[in-house]
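Engineer: Quick one: this structure, given as C-alpha cells, is what I'll be asking you about.
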Amino acid sequence: MNDSNISQEKMEDLLGAQEESYSRALEYIMSNKQNYLQDKNPYVQEILRLKKVIRINKSADNAYAVLRDEVKLKSYELIAYQKSMMRKILLALDTSDINDFETKLNAYIVENQLQNQKLLDKDYKQFLVIEEDSKTLREAQANIREFYALVEINIDVINHLYSFEKRMYRLNKYSKYNLTATVVAVNDTDFAKAVNPTLEQYGLSVVKILSILALSLIVYFIRTVLYVYLEMYFLKTNFLKRYADGIMKKAKKPLSLAIVVINIEFAIYIYNDFISIDAFSKVFNVLYTFLFFWLAYRVLNVVANIKIHDIADTNTHIKHEIINVGKKIINFIVIIIGFLFILHFAGANLTAVLSGLGIGGFAVALAAKDSLSNFFGTLSILLSDVFSQGDWIVVDGEEGVVIEIGLRVTTLRTFDNALIAIPNSSLANKDVKNWNKRRLGRRIKMSLGIKYSSKSEDIKNTVNEIREMLDKHPQIATQNTANEYNFDSKAKLVSKDDYQGVKKNLLVYLDEFSDSSINILVYCFTKSVAWDDWLTTKEDIMHKIMAILEKNSIEFAFPSVSIYKEN
C-alpha cells in the first residue's frame, strides 16, 4: 500500500482484501475463542534468546547486530502486547452489559497504546537510508521495516476492534452455544452474501432472522409440551382433578400471551445484537408481572368458585354473599399487590410511594368517604342478614329481586326487567320489606260481597262449607300442617313461627254489612310461598268458592244505588 506506483484499482483491491482478512481473523478467533485463550505466547523463548544475544553483541561492540536484534525483540514484544490485549478483550466479552464491555475495551486499548509507545522511544527509520554492503545491516533494515509494519497493523487492529465491537459481542453470544462456526458458515453462503447488504440497512441479517424463527419454534414447542404436561399432572393428581379443567381454561389465555411477549422480547434482543435495552427490559418486566398476577387472579377465582359451591352444598349457615364479598376483597388485594410489583419493575421507588400513602391517606380518606361509607354499609347488610341474593324486596318504593350485594352497591332486577343499583350506605339506612323471609305461608285475603236478599241459613252454610273446604285443601296451611323448626333452642323468642316466617291462620267469617253487600272475610295462607304456586292455589280456591255459592243459591252482589221517588 505504501508503493507510490500502485494504481487506484489495485489499491481498492488491496483495501478489500485487508477488510476481508481482518473479518476472517475475527471469525477465526471467535470460532476458536477457548483455544485462543489457552494458547500461550509462542515467542517467549525467542525473546529470552534475543536478550542474551544483544548483551553479547553489545560487549563485542557489534552495532548493526545489536540494532537487528533489538528491533526484532521489539517486534516480538509488540505482538505479545497485542495478544495480551486480545485475551483481555475476549474475556471482557462475557460481561452481561455491553456498556461494561465498551469501558473495558477502551481501557485495554489505552493500555496497549501506552505499552507500544515505549517501544517507539527510538527512531529507526534513519537506518533505512544507509547504504552499506553489510549483510547484518540489510537484516536490520528488514527487521525495521517489519517492526513499523507491525506498528501500523496494530493501529489497524485497534481500529477494527472499535468497528467490530458489536459484531464481536454478538458472535460471543453464539460462541457460548458453539454456534459461531455455524453462523460463519451461513454468512459465507451465496444467498447470505447477496441478501445481507440489503438487510443490514435495517439492522437485520440472515442469521438474525433464522435465529428469531428458531427461538420462536423452540419457545412454542416448550409451551406446548409444558401445557400438555401440566394438564396431565392436574388430571392425575386426585386433589387437583376437580380444579384442573377450570384452571387450564383460565390459564390458557395468559400463558398464550406470555409466549407472544417472550417471542417479541427474544426478537428485539437478537435484533439489537444480543444487547438488552433498559427501557424495553422495564416494559417486558411490567408485562410479565401483569401476566403473572392476571394468571393468579384467574386461578384464584376458579378455586374460590368451586369452594363456594362446596360450602353451599355442605354448610347452609354461611351466607353466599359473605363468601362473594370475601372473594372480591381477595381479588382487590391481589390487584393492589400486582400494582405495587408493576410499579417496582417500572422503576418506581416503593418506599417513597408507601410513605406518600401515609401522608396523603387523610386526603384520600376524605375523597373516598362515600366509598368507605358504602363499604361499611355492605358489612352492615351482610351482618344484619336482612336480605340475601335472590330475595324479593321492596325498598324506598323500588321493588325487585336482589341480584348482587357488591362492595359499593346492591343491584335489583325489577319485575319489568329493569336493573336498579342502590348504594349500600343508603340501603343500610332504609326500611326494607323482604318477601322471601317466610318459610311457610303466603297470604290469600278476599272479601266476598253477597246480596242482601240472601237467606241467613244459606249464608251460614256457605261460610261453614268454605271454611271446611279450605281446611281440607292440600295447598292451604292449617294448624295441623307440619313444619320443621331450625333455630337455637336457647334463643328467647316471642314466637318461633314469626322468627322463621311461618303463618297458618285460617279465617272464614261473616264480616260486615256494607252499603250494597253482605261481606264474607276469607283469610288463609298457602303452603308454598312461590308466586306461581300461590296463583295456582288461589285460582283453584276461587273456583271452589263460586261452586259453593251456587250450591247454596247465593249470588255475588255488585255496587248499586236504590232511588225512591216520593209522590
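Just so we're on the same page: first chain in the C-alpha cells is A, next is B, and so on; residues restart at 1 for each chain, and ligands are numbered from 1 in the order they show up.
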Tell me, as a VMD selection string, which residues lie within 10 Å of stretch 139-152 of chain A, counting only C-alpha atoms; anything in the same chain fewer than 3 positions away does not count.

Structural biologist: chain A and resid 64 to 76 78 to 79 116 to 117 119 to 120 123 to 130 134 to 136 155 to 158

Engineer: What are the closest atom pairs, with distances in Å to one decimal, for each residue of stretch 126-193 of chain A lying within 12 Å of stretch 103-112 of chain A, using only C-alpha atoms, rows by chain and rising residue number, as a Markdown table?

Structural biologist:
| residue | atom | partner | partner_atom | distance |
| --- | --- | --- | --- | --- |
| A:Val151 | CA | A:Asn112 | CA | 11.4 |
| A:Asn154 | CA | A:Asn112 | CA | 9.4 |
| A:Ile155 | CA | A:Ile109 | CA | 10.0 |
| A:Val157 | CA | A:Ile109 | CA | 10.1 |
| A:Ile158 | CA | A:Ile109 | CA | 7.0 |
| A:Asn159 | CA | A:Ile109 | CA | 10.0 |
| A:His160 | CA | A:Ile109 | CA | 11.6 |
| A:Leu161 | CA | A:Leu105 | CA | 8.6 |
| A:Tyr162 | CA | A:Leu105 | CA | 8.5 |
| A:Ser163 | CA | A:Leu105 | CA | 11.9 |
| A:Phe164 | CA | A:Leu105 | CA | 11.5 |
| A:Glu165 | CA | A:Leu105 | CA | 8.7 |
| A:Lys166 | CA | A:Leu105 | CA | 11.6 |
| A:Met168 | CA | A:Leu105 | CA | 11.4 |
| A:Tyr169 | CA | A:Leu105 | CA | 11.3 |

Engineer: Counting only C-alpha atoms, what is within 10 Å of A:Lys504, bar same-chain residues fewer than 2 positions away, as a ChimeraX atom specification?

Structural biologist: /A:440-443,476-481,497,502,506-507,524-527

Engineer: Could you save those same residues with C-alpha atoms as a short mmCIF file (atom, residue, chain, number, x, y, z; two decimals), in the first residue's frame?

Structural biologist:
data_model
loop_
_atom_site.label_atom_id
_atom_site.label_comp_id
_atom_site.auth_asym_id
_atom_site.auth_seq_id
_atom_site.Cartn_x
_atom_site.Cartn_y
_atom_site.Cartn_z
CA LEU A 440 -94.37 -21.35 55.10
CA GLY A 441 -97.48 -19.38 54.22
CA ARG A 442 -98.29 -16.85 51.54
CA ARG A 443 -101.46 -14.91 52.27
CA ILE A 476 -103.58 -24.43 52.35
CA ALA A 477 -101.62 -24.16 55.61
CA THR A 478 -103.56 -25.02 58.77
CA GLN A 479 -102.70 -25.61 62.42
CA ASN A 480 -102.22 -29.27 61.56
CA THR A 481 -99.62 -28.52 58.87
CA ASP A 497 -93.44 -19.01 63.88
CA VAL A 502 -94.49 -19.45 59.37
CA LEU A 506 -107.32 -19.81 58.52
CA LEU A 507 -110.27 -17.42 58.99
CA CYS A 524 -105.74 -18.01 54.76
CA PHE A 525 -102.18 -18.92 53.72
CA THR A 526 -100.86 -21.23 51.04
CA LYS A 527 -98.20 -23.75 51.99
#

Engineer: Near A:Ser384, counting only C-alpha atoms, which residues have an atom at most 10 Å away, once you skip same-chain residues fewer than 5 positions from it, shown as an mmCIF file with N, CA and C atoms, in the first residue's frame?

Structural biologist:
data_model
loop_
_atom_site.group_PDB
_atom_site.id
_atom_site.type_symbol
_atom_site.label_atom_id
_atom_site.label_comp_id
_atom_site.auth_asym_id
_atom_site.auth_seq_id
_atom_site.Cartn_x
_atom_site.Cartn_y
_atom_site.Cartn_z
ATOM 1 N N THR A 378 -72.058 -2.199 53.249
ATOM 2 C CA THR A 378 -72.031 -3.604 52.814
ATOM 3 C C THR A 378 -71.887 -4.532 54.011
ATOM 4 N N LEU A 379 -70.930 -4.197 54.908
ATOM 5 C CA LEU A 379 -70.740 -5.024 56.095
ATOM 6 C C LEU A 379 -72.009 -5.045 56.950
ATOM 7 N N ALA A 428 -78.521 0.611 53.730
ATOM 8 C CA ALA A 428 -78.397 0.173 55.121
ATOM 9 C C ALA A 428 -79.269 1.005 56.056
#

Engineer: Calculate how many Å separate atom CA of A:Arg24 from atom CA of A:Asn187, rounding to one decimal.

Structural biologist: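 Atom-to-atom, atom CA of A:Arg24 and atom CA of A:Asn187 are spaced 11.5 Å apart.
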
Engineer: With a distance cut-off of 7 Å and only C-alpha atoms, select the neighbouring residues of stretch 288-300 of chain A, excluding the residue or stretch itself and same-chain residues fewer than 4 positions from it, and output the selection as a list of chain:residue names.

Structural biologist: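 Counting only the stated atoms, we get A:Ile247, A:Lys250, A:Ala251, A:Pro254, A:Ala258, A:Phe284, A:Ala304, A:Asn331, A:Val334, A:Gly338, A:Phe341, A:Ile342.
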
Engineer: Using only C-alpha atoms, which residue out of A:Met469, A:Ile218, A:Val402, A:Met546 lies closest to A:Asn263?

Structural biologist: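 Among the listed residues, the smallest separation from A:Asn263 belongs to A:Ile218.
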